[in-house]
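So this one's target_2.txt, compact mmCIF, C-alpha atoms:
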# COMPACT_ATOMS: atom_id res chain seq x y z
CA MET A 1 -0.62 -35.14 16.75
CA LYS A 2 -2.61 -38.18 15.75
CA ASP A 3 -5.10 -36.44 13.54
CA PRO A 4 -3.96 -33.10 12.08
CA LYS A 5 -7.20 -32.63 10.18
CA LYS A 6 -9.20 -32.96 13.39
CA TRP A 7 -6.91 -30.49 15.13
CA LEU A 8 -7.39 -27.98 12.32
CA ALA A 9 -11.16 -28.44 12.29
CA GLU A 10 -11.40 -27.99 16.05
CA ARG A 11 -8.88 -25.22 16.59
CA ALA A 12 -8.70 -23.04 13.45
CA THR A 13 -12.26 -21.84 13.69
CA ALA A 14 -12.19 -18.19 14.81
CA PRO A 15 -14.51 -15.91 12.81
CA GLY A 16 -12.64 -14.65 9.76
CA THR A 17 -10.63 -17.83 9.30
CA LEU A 18 -10.60 -18.85 5.65
CA GLY A 19 -8.69 -22.08 5.80
CA SER A 20 -5.81 -23.91 7.41
CA GLY A 21 -3.41 -26.70 6.63
CA VAL A 22 -0.64 -28.83 8.04
CA ARG A 23 2.14 -30.48 6.07
CA GLN A 24 3.83 -33.29 7.91
CA ALA A 25 7.54 -33.97 7.74
CA ASP A 26 6.82 -36.92 5.46
CA GLY A 27 5.09 -34.62 2.95
CA LYS A 28 1.50 -35.59 3.75
CA ILE A 29 -0.81 -32.60 3.71
CA PHE A 30 -4.02 -32.13 5.67
CA CYS A 31 -6.21 -29.11 5.05
CA HIS A 32 -9.41 -27.68 6.42
CA SER A 33 -11.69 -25.13 4.79
CA ALA A 34 -13.39 -22.65 7.10
CA ASP A 35 -14.91 -20.50 4.37
CA GLU A 36 -16.37 -21.40 1.00
CA SER A 37 -14.00 -18.92 -0.68
CA CYS A 38 -11.09 -21.07 0.43
CA PRO A 39 -11.65 -24.77 -0.32
CA ALA A 40 -9.18 -27.22 1.18
CA GLY A 41 -7.54 -27.67 -2.22
CA ARG A 42 -6.41 -24.05 -2.19
CA MET A 43 -4.74 -24.43 1.19
CA GLU A 44 -2.94 -27.47 -0.18
CA LYS A 45 -1.72 -25.39 -3.13
CA ILE A 46 -0.55 -22.69 -0.74
CA LEU A 47 1.45 -25.20 1.30
CA ARG A 48 3.03 -26.56 -1.86
CA GLN A 49 3.78 -22.99 -2.96
CA PHE A 50 5.68 -22.43 0.28
CA ASP A 51 7.63 -25.61 -0.34
CA GLY A 52 8.59 -24.21 -3.72
CA MET A 53 9.83 -21.01 -2.10
CA LYS A 54 12.52 -22.96 -0.28
CA LEU A 55 14.13 -23.56 -3.65
CA THR A 56 13.93 -19.96 -4.80
CA LEU A 57 13.25 -17.37 -2.13
CA PHE A 58 15.26 -19.04 0.61
CA LYS A 59 17.83 -20.92 -1.43
CA ASP A 60 20.68 -18.90 0.10
CA THR A 61 19.37 -18.63 3.61
CA VAL A 62 17.59 -20.49 6.37
CA PRO A 63 13.82 -20.40 5.83
CA PRO A 64 12.02 -18.26 8.40
CA ARG A 65 10.44 -19.77 11.51
CA TRP A 66 7.30 -17.96 10.65
CA SER A 67 6.22 -15.63 7.92
CA THR A 68 3.17 -13.47 7.37
CA TRP A 69 2.07 -12.49 3.88
CA THR A 70 -0.19 -9.47 4.22
CA PHE A 71 -2.62 -8.58 1.47
CA GLU A 72 -5.32 -5.92 1.35
CA GLN A 73 -8.05 -8.29 2.40
CA GLY A 74 -6.27 -10.91 4.43
CA GLN A 75 -3.15 -12.60 5.69
CA ILE A 76 -1.51 -15.93 5.06
CA TRP A 77 0.48 -17.12 8.03
CA LEU A 78 3.06 -19.89 7.86
CA VAL A 79 4.87 -21.51 10.77
CA ALA A 80 7.70 -24.02 10.38
CA ARG A 81 8.84 -26.47 13.05
CA ALA A 82 12.35 -27.72 13.38
CA ASP A 83 11.12 -31.29 12.71
CA GLY A 84 9.85 -30.30 9.27
CA TRP A 85 6.15 -29.80 10.03
CA LEU A 86 4.48 -26.77 8.50
CA PHE A 87 1.31 -24.98 9.51
CA ALA A 88 -0.52 -22.51 7.25
CA LEU A 89 -3.46 -20.34 8.15
CA ALA A 90 -5.39 -17.90 5.94
CA VAL A 91 -7.48 -15.24 7.64
CA ARG A 92 -9.41 -12.13 6.66
CA SER A 93 -8.09 -8.69 7.57
CA GLU A 94 -9.62 -6.99 10.57
CA SER A 95 -11.25 -10.19 11.82
CA ASP A 96 -11.22 -12.01 15.13
CA ALA A 97 -9.10 -14.67 13.48
CA LEU A 98 -6.08 -12.36 13.65
CA GLN A 99 -6.15 -12.74 17.42
CA SER A 100 -5.94 -16.52 17.05
CA LEU A 101 -2.64 -16.49 15.17
CA ASP A 102 -0.33 -16.36 18.18
CA PRO A 103 -2.12 -18.95 20.36
CA LEU A 104 -2.52 -21.34 17.41
CA THR A 105 1.15 -20.95 16.55
CA ARG A 106 2.21 -21.70 20.11
CA GLU A 107 -0.13 -24.70 20.15
CA PHE A 108 1.23 -25.98 16.84
CA LEU A 109 4.82 -25.62 17.97
CA SER A 110 4.15 -27.54 21.17
CA LEU A 111 2.04 -30.34 19.68
CA LYS A 112 3.49 -33.79 19.96
CA THR A 113 3.79 -35.37 16.55
CA GLY A 114 4.50 -38.97 17.57
CA LYS A 115 2.22 -41.69 16.21
CA MET B 1 -17.13 10.65 -26.32
CA ALA B 2 -15.13 7.53 -26.98
CA GLN B 3 -13.64 4.58 -25.22
CA VAL B 4 -9.94 4.53 -25.72
CA ASP B 5 -8.90 1.17 -24.41
CA THR B 6 -11.25 -1.77 -24.42
CA SER B 7 -8.84 -4.66 -24.10
CA VAL B 8 -10.12 -6.20 -20.90
CA LYS B 9 -8.31 -9.08 -19.30
CA ASP B 10 -10.99 -11.29 -17.78
CA SER B 11 -8.77 -12.43 -14.94
CA GLU B 12 -7.67 -9.01 -13.74
CA PRO B 13 -9.82 -6.31 -12.22
CA GLN B 14 -9.78 -3.16 -14.31
CA HIS B 15 -10.21 0.36 -13.08
CA ARG B 16 -12.55 2.53 -15.09
CA VAL B 17 -11.22 6.05 -15.43
CA LEU B 18 -13.15 8.86 -17.11
CA PHE B 19 -11.24 11.91 -18.36
CA VAL B 20 -13.30 15.04 -18.98
CA ASP B 21 -11.70 17.80 -21.03
CA ASP B 22 -12.83 20.03 -23.89
CA GLU B 23 -9.45 19.70 -25.61
CA PRO B 24 -9.48 16.53 -27.74
CA ASP B 25 -5.75 16.78 -28.38
CA PHE B 26 -4.98 16.64 -24.65
CA LEU B 27 -7.33 13.68 -24.18
CA GLN B 28 -5.51 11.89 -26.97
CA MET B 29 -2.14 12.66 -25.35
CA LEU B 30 -3.40 11.28 -22.02
CA ALA B 31 -4.64 8.13 -23.70
CA GLU B 32 -1.38 7.55 -25.51
CA ALA B 33 0.75 8.26 -22.44
CA PHE B 34 -1.29 6.27 -19.92
CA ALA B 35 -2.17 3.19 -22.01
CA PRO B 36 1.32 1.64 -21.83
CA LEU B 37 1.74 2.68 -18.20
CA SER B 38 -1.51 1.09 -17.08
CA GLN B 39 -0.71 -2.23 -18.79
CA ASP B 40 -4.42 -2.93 -19.30
CA ARG B 41 -5.23 -2.28 -15.65
CA TRP B 42 -7.11 0.87 -16.63
CA GLN B 43 -10.09 1.06 -18.92
CA MET B 44 -9.94 4.66 -20.08
CA HIS B 45 -12.93 6.67 -21.25
CA HIS B 46 -13.12 10.29 -22.24
CA ALA B 47 -15.76 12.93 -22.58
CA GLY B 48 -15.50 16.34 -24.24
CA SER B 49 -17.85 18.12 -21.85
CA ALA B 50 -19.37 17.87 -18.42
CA ALA B 51 -22.75 17.07 -19.99
CA ALA B 52 -21.30 14.19 -21.98
CA ALA B 53 -19.53 12.92 -18.86
CA LEU B 54 -22.75 12.97 -16.83
CA GLU B 55 -24.46 10.99 -19.56
CA MET B 56 -21.68 8.40 -19.49
CA LEU B 57 -21.85 8.17 -15.71
CA GLN B 58 -25.58 7.40 -15.95
CA GLN B 59 -24.74 4.45 -18.16
CA GLN B 60 -21.59 3.09 -16.57
CA LYS B 61 -20.00 3.09 -13.15
CA MET B 62 -16.55 4.70 -13.02
CA ASP B 63 -13.85 4.35 -10.38
CA LEU B 64 -12.28 7.74 -10.98
CA VAL B 65 -13.17 10.92 -12.84
CA VAL B 66 -10.41 13.32 -13.88
CA VAL B 67 -11.82 16.74 -14.67
CA ASP B 68 -10.35 19.74 -16.46
CA VAL B 69 -11.02 22.82 -14.34
CA ASN B 70 -11.39 25.24 -17.24
CA MET B 71 -14.18 24.05 -19.46
CA PRO B 72 -16.78 26.16 -21.30
CA GLN B 73 -20.44 26.18 -20.16
CA LEU B 74 -20.16 24.00 -17.08
CA ASP B 75 -16.66 24.40 -15.62
CA GLY B 76 -14.78 21.89 -13.48
CA ILE B 77 -15.84 23.38 -10.13
CA GLN B 78 -19.53 23.37 -11.07
CA PHE B 79 -19.12 19.87 -12.41
CA LEU B 80 -17.55 18.72 -9.11
CA LYS B 81 -20.57 20.06 -7.22
CA ILE B 82 -22.93 18.08 -9.44
CA LEU B 83 -20.80 14.95 -9.07
CA ASN B 84 -20.89 15.34 -5.29
CA GLU B 85 -24.68 15.34 -5.38
CA GLN B 86 -25.24 12.67 -8.00
CA HIS B 87 -22.23 10.39 -7.39
CA PRO B 88 -21.06 11.06 -3.82
CA GLY B 89 -18.79 8.02 -3.58
CA LEU B 90 -16.92 8.70 -6.81
CA LYS B 91 -13.23 9.61 -6.61
CA LYS B 92 -12.56 12.92 -8.33
CA VAL B 93 -9.37 14.62 -9.44
CA THR B 94 -8.98 18.01 -11.09
CA LEU B 95 -6.40 18.83 -13.76
CA THR B 96 -5.58 22.34 -14.88
CA ALA B 97 -3.11 24.15 -17.07
CA PHE B 98 -3.44 27.30 -14.93
CA ALA B 99 -2.92 26.33 -11.29
CA THR B 100 -3.54 28.96 -8.65
CA GLU B 101 -3.78 28.61 -4.90
CA GLU B 102 -7.36 29.88 -4.93
CA LYS B 103 -8.42 27.38 -7.55
CA ARG B 104 -6.69 24.58 -5.73
CA THR B 105 -8.44 25.41 -2.44
CA GLU B 106 -11.76 25.65 -4.25
CA CYS B 107 -11.32 22.27 -5.96
CA LEU B 108 -10.34 20.48 -2.75
CA ALA B 109 -13.22 22.13 -0.90
CA ASN B 110 -15.60 20.85 -3.57
CA GLY B 111 -14.63 17.24 -3.19
CA ALA B 112 -11.61 16.78 -5.44
CA GLU B 113 -9.19 14.30 -3.96
CA LEU B 114 -6.28 15.85 -5.82
CA PHE B 115 -5.55 19.06 -7.71
CA ILE B 116 -2.90 18.45 -10.34
CA GLU B 117 -1.23 20.65 -12.92
CA LYS B 118 -1.53 19.34 -16.46
CA PRO B 119 1.65 17.52 -17.43
CA LYS B 120 3.74 18.77 -20.32
CA THR B 121 6.58 16.27 -20.46
CA THR B 122 6.89 12.49 -20.58
CA GLU B 123 8.12 12.48 -16.98
CA GLY B 124 5.22 14.71 -16.03
CA PHE B 125 2.71 12.27 -17.52
CA LYS B 126 4.40 9.45 -15.62
CA SER B 127 4.17 11.39 -12.33
CA VAL B 128 0.49 12.11 -12.88
CA PHE B 129 -0.13 8.47 -13.73
CA VAL B 130 1.56 7.37 -10.51
CA MET B 131 -0.58 9.76 -8.48
CA LEU B 132 -3.82 8.68 -10.16
CA ASP B 133 -2.93 5.01 -10.01
CA GLY B 134 -2.12 5.38 -6.32
CA LEU B 135 -5.40 7.09 -5.65
CA ILE B 136 -7.43 4.55 -7.56
CA SER B 137 -5.66 1.47 -6.27
CA TRP B 138 -5.00 2.17 -2.64
CA LEU B 139 -7.43 1.59 0.13
CA PRO B 140 -7.20 3.83 3.19
CA ARG B 141 -4.10 2.96 5.12
CA ASP B 142 -3.33 3.60 8.73
CA ASP B 143 -6.39 4.83 10.50
CA PHE B 144 -6.14 8.32 9.16
CA GLN B 145 -9.06 10.32 8.01
CA GLY B 146 -8.54 13.60 6.25
CA VAL B 147 -9.44 15.85 3.40
CA LEU B 148 -7.76 13.41 1.06
CA ARG B 149 -9.52 10.49 2.59
CA ARG B 150 -8.43 7.68 0.33
CA VAL B 151 -4.72 8.01 0.56
CA GLY B 152 -2.35 7.91 3.48
CA LEU B 153 -0.60 10.87 5.03
CA GLN B 154 2.71 10.03 3.43
CA ASP B 155 1.09 9.65 0.03
CA VAL B 156 -0.41 13.13 0.34
CA ILE B 157 2.97 14.62 1.20
CA GLN B 158 4.48 12.83 -1.78
CA MET B 159 1.78 14.11 -4.08
CA GLU B 160 2.13 17.66 -2.77
CA CYS B 161 5.88 17.56 -3.31
CA LEU B 162 5.62 15.98 -6.76
CA GLY B 163 3.11 18.67 -7.71
CA ARG B 164 5.50 21.37 -6.38
CA ASN B 165 2.66 22.71 -4.26
CA SER B 166 2.72 24.91 -1.17
CA SER B 167 0.49 23.78 1.66
CA VAL B 168 0.29 22.94 5.33
CA LEU B 169 -0.82 19.56 6.62
CA GLU B 170 -2.42 19.68 10.04
CA VAL B 171 -2.08 16.27 11.67
CA TYR B 172 -3.70 15.33 14.92
CA ASN B 173 -4.98 12.56 17.10
CA ASP B 174 -6.14 12.57 20.71
CA GLN B 175 -2.57 13.03 21.95
CA VAL B 176 -0.63 14.98 19.34
CA LEU B 177 -1.24 18.03 17.22
CA GLY B 178 1.32 18.82 14.57
CA ARG B 179 1.91 20.68 11.33
CA ILE B 180 3.95 19.82 8.27
CA TYR B 181 4.87 22.73 5.97
CA ILE B 182 5.46 22.23 2.25
CA GLU B 183 6.66 25.14 0.11
CA ASP B 184 7.05 24.83 -3.66
CA GLY B 185 7.28 21.07 -3.33
CA ASN B 186 9.85 21.08 -0.53
CA LEU B 187 9.33 19.97 3.05
CA ILE B 188 10.52 23.02 5.00
CA HIS B 189 9.25 22.66 8.55
CA ALA B 190 7.49 20.28 10.90
CA ALA B 191 6.32 20.77 14.45
CA ALA B 192 4.63 18.33 16.82
CA ALA B 193 4.18 18.94 20.53
CA ASP B 194 7.63 20.10 21.71
CA LEU B 195 9.47 18.65 18.70
CA ILE B 196 10.49 20.44 15.52
CA GLY B 197 12.27 19.39 12.34
CA GLU B 198 12.97 15.76 11.49
CA PRO B 199 11.97 14.31 14.87
CA ALA B 200 8.60 16.06 14.57
CA LEU B 201 8.10 14.84 11.00
CA GLN B 202 8.99 11.28 12.00
CA LYS B 203 6.69 11.42 15.00
CA LEU B 204 3.76 12.61 12.87
CA LEU B 205 4.38 10.05 10.14
CA ALA B 206 4.63 7.26 12.71
CA LEU B 207 1.33 8.05 14.41
CA PRO B 208 -0.80 4.91 14.44
CA GLY B 209 -3.97 6.86 13.67
CA GLY B 210 -5.67 10.21 13.70
CA SER B 211 -6.75 12.82 11.20
CA PHE B 212 -5.08 15.21 8.83
CA GLU B 213 -6.22 18.18 6.88
CA LEU B 214 -4.64 20.05 4.00
CA VAL B 215 -4.89 23.79 4.57
CA PRO B 216 -3.60 26.78 2.56
CA PHE B 217 0.08 27.55 2.97
CA GLU B 218 1.30 30.08 5.49
CA SER B 219 4.92 30.73 6.33
CA PRO B 220 6.09 28.92 9.47
CA GLY B 221 8.58 31.68 10.29
CA GLU B 222 11.47 29.24 10.46
CA ARG B 223 12.92 26.41 8.40
CA THR B 224 13.88 23.22 10.20
CA LEU B 225 13.94 20.74 7.29
CA ASN B 226 16.63 21.03 4.65
CA ALA B 227 17.06 17.59 3.10
CA SER B 228 15.13 16.58 -0.02
CA TRP B 229 11.58 15.40 0.58
CA GLU B 230 12.54 11.97 -0.79
CA MET B 231 15.26 11.58 1.84
CA LEU B 232 13.06 12.91 4.64
CA LEU B 233 10.20 10.57 3.79
CA ALA B 234 12.58 7.65 3.38
CA ALA B 235 14.04 8.29 6.83
CA ALA B 236 10.55 8.55 8.31
CA VAL B 237 9.57 5.28 6.64
CA ARG B 238 12.61 3.63 8.16
CA VAL B 239 11.66 4.81 11.63
CA ARG B 240 8.05 3.76 11.16
CA GLU B 241 8.92 0.33 9.76
CA ALA B 242 11.36 -0.22 12.61
CA GLN B 243 8.69 0.69 15.11
CA ALA B 244 6.21 -1.59 13.37
CA ALA B 245 8.72 -4.39 13.57
CA GLY B 246 9.18 -3.68 17.26
CA GLY B 247 12.79 -2.78 16.80
CA THR B 248 13.30 0.58 18.45
CA THR B 249 12.48 0.25 22.10
CA VAL B 250 15.02 -0.20 24.80
CA ASN B 251 14.29 -3.20 26.92
CA ALA B 252 14.06 -2.07 30.52
CA GLU B 253 14.50 -5.61 31.78
CA GLY B 254 18.00 -5.83 30.45
CA HIS B 255 17.31 -8.16 27.54
CA ALA B 256 19.12 -7.69 24.28
CA GLU B 257 17.92 -4.56 22.55
CA ALA B 258 16.52 -4.94 19.05
CA THR B 259 17.99 -2.54 16.52
CA VAL B 260 17.48 -1.75 12.88
CA ALA B 261 20.39 -3.49 11.18
CA GLU B 262 19.66 -2.69 7.56
CA THR B 263 17.24 -0.63 5.49
CA LEU B 264 16.75 -0.28 1.78
CA ILE B 265 14.06 1.81 0.13
CA CYS B 266 13.72 1.75 -3.64
CA SER B 267 11.41 3.10 -6.30
CA GLY B 268 8.97 0.63 -7.78
CA LYS B 269 11.51 -0.12 -10.49
CA GLY B 270 14.16 -1.04 -7.95
CA GLU B 271 16.23 2.14 -8.03
CA PRO B 272 17.58 2.74 -4.50
CA VAL B 273 16.28 5.91 -2.87
CA TYR B 274 17.63 5.33 0.62
CA GLU B 275 20.15 2.85 2.01
CA PHE B 276 21.22 2.18 5.58
CA GLN B 277 23.92 -0.43 6.16
CA CYS B 278 22.83 -2.25 3.02
CA ALA B 279 25.85 -4.14 1.75
CA ASP B 280 24.33 -5.42 -1.47
CA ALA B 281 21.35 -3.43 -2.68
CA GLN B 282 20.97 -5.41 -5.90
CA THR B 283 20.62 -8.70 -4.04
CA ARG B 284 17.96 -7.14 -1.82
CA VAL B 285 16.12 -5.73 -4.82
CA ARG B 286 16.12 -9.17 -6.42
CA LEU B 287 14.76 -10.66 -3.20
CA LEU B 288 12.01 -8.03 -3.05
CA GLN B 289 11.10 -8.68 -6.67
CA ASN B 290 11.13 -12.41 -5.98
CA ILE B 291 8.81 -11.87 -3.02
CA ALA B 292 6.48 -9.84 -5.24
CA TYR B 293 6.47 -12.71 -7.72
CA HIS B 294 5.58 -15.27 -5.05
CA ALA B 295 2.93 -12.94 -3.64
CA GLU B 296 1.37 -12.82 -7.07
CA GLN B 297 1.37 -16.62 -7.19
CA LEU B 298 -0.28 -16.78 -3.78
CA ALA B 299 -2.87 -14.20 -4.83
CA GLN B 300 -3.76 -16.37 -7.80
CA ILE B 301 -4.45 -19.28 -5.47
CA LEU B 302 -6.33 -17.24 -2.89
CA PRO B 303 -7.48 -13.79 -4.08
CA LEU B 304 -6.98 -11.43 -1.14
CA GLY B 305 -6.37 -8.16 -3.01
CA ASN B 306 -3.10 -6.38 -3.57
CA PHE B 307 -0.01 -7.59 -1.75
CA ASP B 308 1.36 -5.26 0.91
CA ARG B 309 4.22 -6.86 2.81
CA LEU B 310 5.94 -9.99 4.02
CA GLU B 311 7.18 -10.26 7.59
CA MET B 312 9.61 -13.03 8.42
CA GLN B 313 11.05 -14.16 11.74
CA LEU B 314 14.42 -15.84 11.47
CA ALA B 315 16.53 -17.19 14.31
CA ASN B 316 17.40 -13.84 15.84
CA GLU B 317 16.20 -11.23 13.42
CA ARG B 318 13.04 -10.06 11.81
CA ILE B 319 12.64 -8.89 8.23
CA VAL B 320 9.90 -6.69 6.84
CA ALA B 321 9.75 -6.64 3.06
CA GLN B 322 7.28 -4.44 1.26
CA SER B 323 6.77 -4.74 -2.48
CA ARG B 324 4.35 -2.29 -3.98
CA PRO B 325 4.13 -0.86 -7.49
CA ASP B 326 5.52 2.47 -6.31
CA ARG B 327 8.15 1.33 -3.84
CA LEU B 328 10.18 -1.54 -2.47
CA VAL B 329 11.18 -1.50 1.20
CA TYR B 330 13.48 -3.89 3.05
CA VAL B 331 14.04 -3.52 6.79
CA ARG B 332 16.05 -6.00 8.88
CA VAL B 333 15.81 -5.78 12.64
CA ALA B 334 18.51 -7.63 14.54
CA GLY B 335 18.02 -9.09 17.98
CA SER B 336 14.27 -9.26 17.50
CA PRO B 337 12.88 -12.10 19.56
CA SER B 338 10.63 -14.69 18.01
CA ALA B 339 6.95 -13.87 18.31
CA ALA B 340 5.85 -17.37 19.01
I need this file expressed as structure tokens, please.
Amino acid sequence: MKDPKKWLAERATAPGTLGSGVRQADGKIFCHSADESCPAGRMEKILRQFDGMKLTLFKDTVPPRWSTWTFEQGQIWLVARADGWLFALAVRSESDALQSLDPLTREFLSLKTGK
Amino acid sequence: MAQVDTSVKDSEPQHRVLFVDDEPDFLQMLAEAFAPLSQDRWQMHHAGSAAAALEMLQQQKMDLVVVDVNMPQLDGIQFLKILNEQHPGLKKVTLTAFATEEKRTECLANGAELFIEKPKTTEGFKSVFVMLDGLISWLPRDDFQGVLRRVGLQDVIQMECLGRNSSVLEVYNDQVLGRIYIEDGNLIHAAAADLIGEPALQKLLALPGGSFELVPFESPGERTLNASWEMLLAAAVRVREAQAAGGTTVNAEGHAEATVAETLICSGKGEPVYEFQCADAQTRVRLLQNIAYHAEQLAQILPLGNFDRLEMQLANERIVAQSRPDRLVYVRVAGSPSAA
């Protein structure tokens, strides 16, 4: 993936998407806001929060391949690749964006990350 | 008329609850009992009469009104009728020291979401608080619609049992019609299609949608449920969670069958209510509490309402962890294939 930000802006766009982000294996983070309630900075904080969970929530176990945090009004979806890349997506409940989770995940997992 | 608790935390949404009762001593007891339980999440108001309550409602929006049934001049039932006309969207609960089946039916028919006996003990106040907090906090779950529209089917059963009520819940969707019988707070019988007893109860509680209606109790003529309601609901939750996690179906193509490998259901405080193959409940409770902590952190970054659950896919198993104020649930399904 040469330009993660471009990929996010082009692909994570289904109605109800709040924001998305990718954290590369080298720690660089790229985020895209799809709704004014979720500026890119918040997605970056969410990705960093997930990094922090490795030290606490998953300190005794292998972190999950994917996880879904479900709240009353939305979901935060996180997918981890074996090479260390992370993808996060925040969507509203009962929106079309929920249907995009699986295809986007498959796409993210199959993306080539070479430079 | 007085506001009991005005300490508002700017960052947290507060629920405005109005208690209407002509007994000032009881209002004071409610205020003292509920203030520490609500931890500033409730802004409590009280009124000594229906007229005073109506005046308050003109001035300030409330999220919930809790009404004493037996009040002089305008009683609770008459007051409910007025509230239905003037404030149709308002959640209403009736409290009474003299509960009868007739009064209960009348209150529910006039728009009360719950009919609760006035508590007399510390534990009783806690139970009532849990019911009211559940009603005020929870959005409709599942796709159920019923007489008690704002709470889920399981919540209604829990409330009926906690209140030691006798009632019948008629549950139906386009494929199934069933009945759940509660007598003096005990689940005694369930029937759905050709099933009776626990399988029927589990089938009804696992329905993905439909309607339910609370109707006056009538004897079912037989008793097919004998375990405590807590155990029965816990078992039903386990079945439902397993189904939600996709862990109960036999794979006709010969692939490895996913099975529920572990279940733990606890009270909101982490006291185990039901365990299934759970080797270390305390570790699981700590994990659930840790998840709740991280969910709170996430909610501070991106406000999406109350946290419901975390689903995780590991190499060959899936975990569903639910952390809510009233219960903690951990279900591990082994052999569950990755979704992506």
Exercise: Ala97 of chain A partners within 6 Å, only C-alpha atoms, chain neighbours under 3 positions left out, as an MDAnalysis selection string: chainID A and resid 14:17 100
**Residues of chain A within 8 Å of chain B, all atoms listed in the file counted, as a list in words** = Cys38, Arg42, Lys45, Ile46, Gln49, Met53, Leu57, Val62, Pro63, Pro64, Arg65, Trp66, Ser67, Thr68, Trp69, Thr70, Phe71, Glu72, Gln73, Gly74, Gln75, Asp102, Thr105 and Arg106 of chain A
Can you tell me which residues surround Trp85 of chain A at a distance of at most 8 Å, considering only C-alpha atoms, apart from same-chain residues fewer than 4 positions away, and format the answer as a JSON list (two decimals) with C-alpha atoms, keeping the file's coordinate frame?
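Full text of part_35.json as output:
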[["chain", "number", "residue", "atom", "x", "y", "z"],
["A", 22, "VAL", "CA", -0.64, -28.83, 8.04],
["A", 23, "ARG", "CA", 2.14, -30.48, 6.07],
["A", 24, "GLN", "CA", 3.83, -33.29, 7.91],
["A", 25, "ALA", "CA", 7.54, -33.97, 7.74],
["A", 80, "ALA", "CA", 7.70, -24.02, 10.38],
["A", 81, "ARG", "CA", 8.84, -26.47, 13.05]]
Applying 12 Å and all atoms listed in the file, which residues near Lys61 of chain B remain after dropping the ones on its own chain fewer than 2 positions away? List them as a tab-separated table (two decimals) with C-alpha atoms, keeping the file's coordinate frame.
chain	number	residue	atom	x	y	z
B	15	HIS	CA	-10.21	0.36	-13.08
B	16	ARG	CA	-12.55	2.53	-15.09
B	17	VAL	CA	-11.22	6.05	-15.43
B	18	LEU	CA	-13.15	8.86	-17.11
B	43	GLN	CA	-10.09	1.06	-18.92
B	45	HIS	CA	-12.93	6.67	-21.25
B	53	ALA	CA	-19.53	12.92	-18.86
B	54	LEU	CA	-22.75	12.97	-16.83
B	55	GLU	CA	-24.46	10.99	-19.56
B	56	MET	CA	-21.68	8.40	-19.49
B	57	LEU	CA	-21.85	8.17	-15.71
B	58	GLN	CA	-25.58	7.40	-15.95
B	59	GLN	CA	-24.74	4.45	-18.16
B	63	ASP	CA	-13.85	4.35	-10.38
B	64	LEU	CA	-12.28	7.74	-10.98
B	65	VAL	CA	-13.17	10.92	-12.84
B	87	HIS	CA	-22.23	10.39	-7.39
B	89	GLY	CA	-18.79	8.02	-3.58
B	90	LEU	CA	-16.92	8.70	-6.81
B	91	LYS	CA	-13.23	9.61	-6.61
Tell me which protein, DNA and RNA residues are within 10 Å of Ser228 of chain B, counting only C-alpha atoms, leaving out same-chain ones fewer than 3 positions away, and put them as a list in words.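 Counting only the stated atoms, we get Cys161, Gly185, Asn186, Leu187, Ile188, Leu225, Met231, Leu232, Leu233 and Ala234 of chain B.
We find atom CA of Tyr330 of chain B and atom CA of Leu264 of chain B to be spaced 5.0 Å apart.
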Name the closest residue to Asp155 of chain B among the candidates B:Met62, B:Leu95, B:Asp326, B:Ala193; distances are taken between atoms, counting only C-alpha atoms.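 Using only C-alpha atoms, Asp155 of chain B sits closest to B:Asp326.
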A straight line from atom CA of Tyr172 of chain B to atom CA of Pro220 of chain B spans 17.6 Å
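Of the residues under consideration (A:Ala34, A:Gly52, A:Lys28, A:Met43), A:Lys28 shows the shortest atom-to-atom contact distance to Gly84 of chain A when counting all atoms listed in the file.
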Up to 8 Å from (-4.9, 17.9, 7.8) in the file's coordinates: name the residues, counting all atoms listed in the file, as JSON, numbers by chain. {"B": [146, 147, 168, 169, 170, 171, 172, 211, 212, 213, 214, 215]}
Next item on the list: Could you tell me how far atom CA of Lys126 of chain B lies from atom CA of Leu30 of chain B, in Å and to one decimal?
Entry: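 According to the coordinates, atom CA of Lys126 of chain B and atom CA of Leu30 of chain B are separated by 10.3 Å.
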query = Between A:Ile29, A:Thr56, A:Leu98, A:Thr113, which is the closest to Ala82 of chain A once you count all atoms listed in the file?
reply =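 Between A:Ile29, A:Thr56, A:Leu98, A:Thr113, the residue approaching Ala82 of chain A most closely is A:Thr113.
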The residue from A:Glu107, A:Glu10, A:Glu44, A:Asp83 with the smallest atom-to-atom distance to Asp26 of chain A, counting only C-alpha atoms, is A:Asp83
Counting all atoms listed in the file, which residues come within 7 Å of (-1.0, -25.4, 8.8), with the point read in the file's coordinates, and could you list them as a compact mmCIF listing (two decimals) with C-alpha atoms, keeping the file's coordinate frame?
# COMPACT_ATOMS: atom_id res chain seq x y z
CA SER A 20 -5.81 -23.91 7.41
CA GLY A 21 -3.41 -26.70 6.63
CA VAL A 22 -0.64 -28.83 8.04
CA ARG A 23 2.14 -30.48 6.07
CA LEU A 78 3.06 -19.89 7.86
CA LEU A 86 4.48 -26.77 8.50
CA PHE A 87 1.31 -24.98 9.51
CA ALA A 88 -0.52 -22.51 7.25
CA LEU A 89 -3.46 -20.34 8.15
Should you be able to, write segment 90-99 of chain A of this structure into a file that contains C-alpha atoms, as a CSV table (one decimal), in the first residue's frame.
chain,number,residue,atom,x,y,z
A,90,ALA,CA,-15.6,3.7,13.4
A,91,VAL,CA,-19.1,3.4,12.2
A,92,ARG,CA,-22.6,4.4,13.3
A,93,SER,CA,-25.1,1.7,14.5
A,94,GLU,CA,-27.7,0.6,12.0
A,95,SER,CA,-25.9,2.3,9.1
A,96,ASP,CA,-24.8,1.1,5.7
A,97,ALA,CA,-21.3,1.3,6.9
A,98,LEU,CA,-21.8,-1.9,8.9
A,99,GLN,CA,-22.1,-3.8,5.6
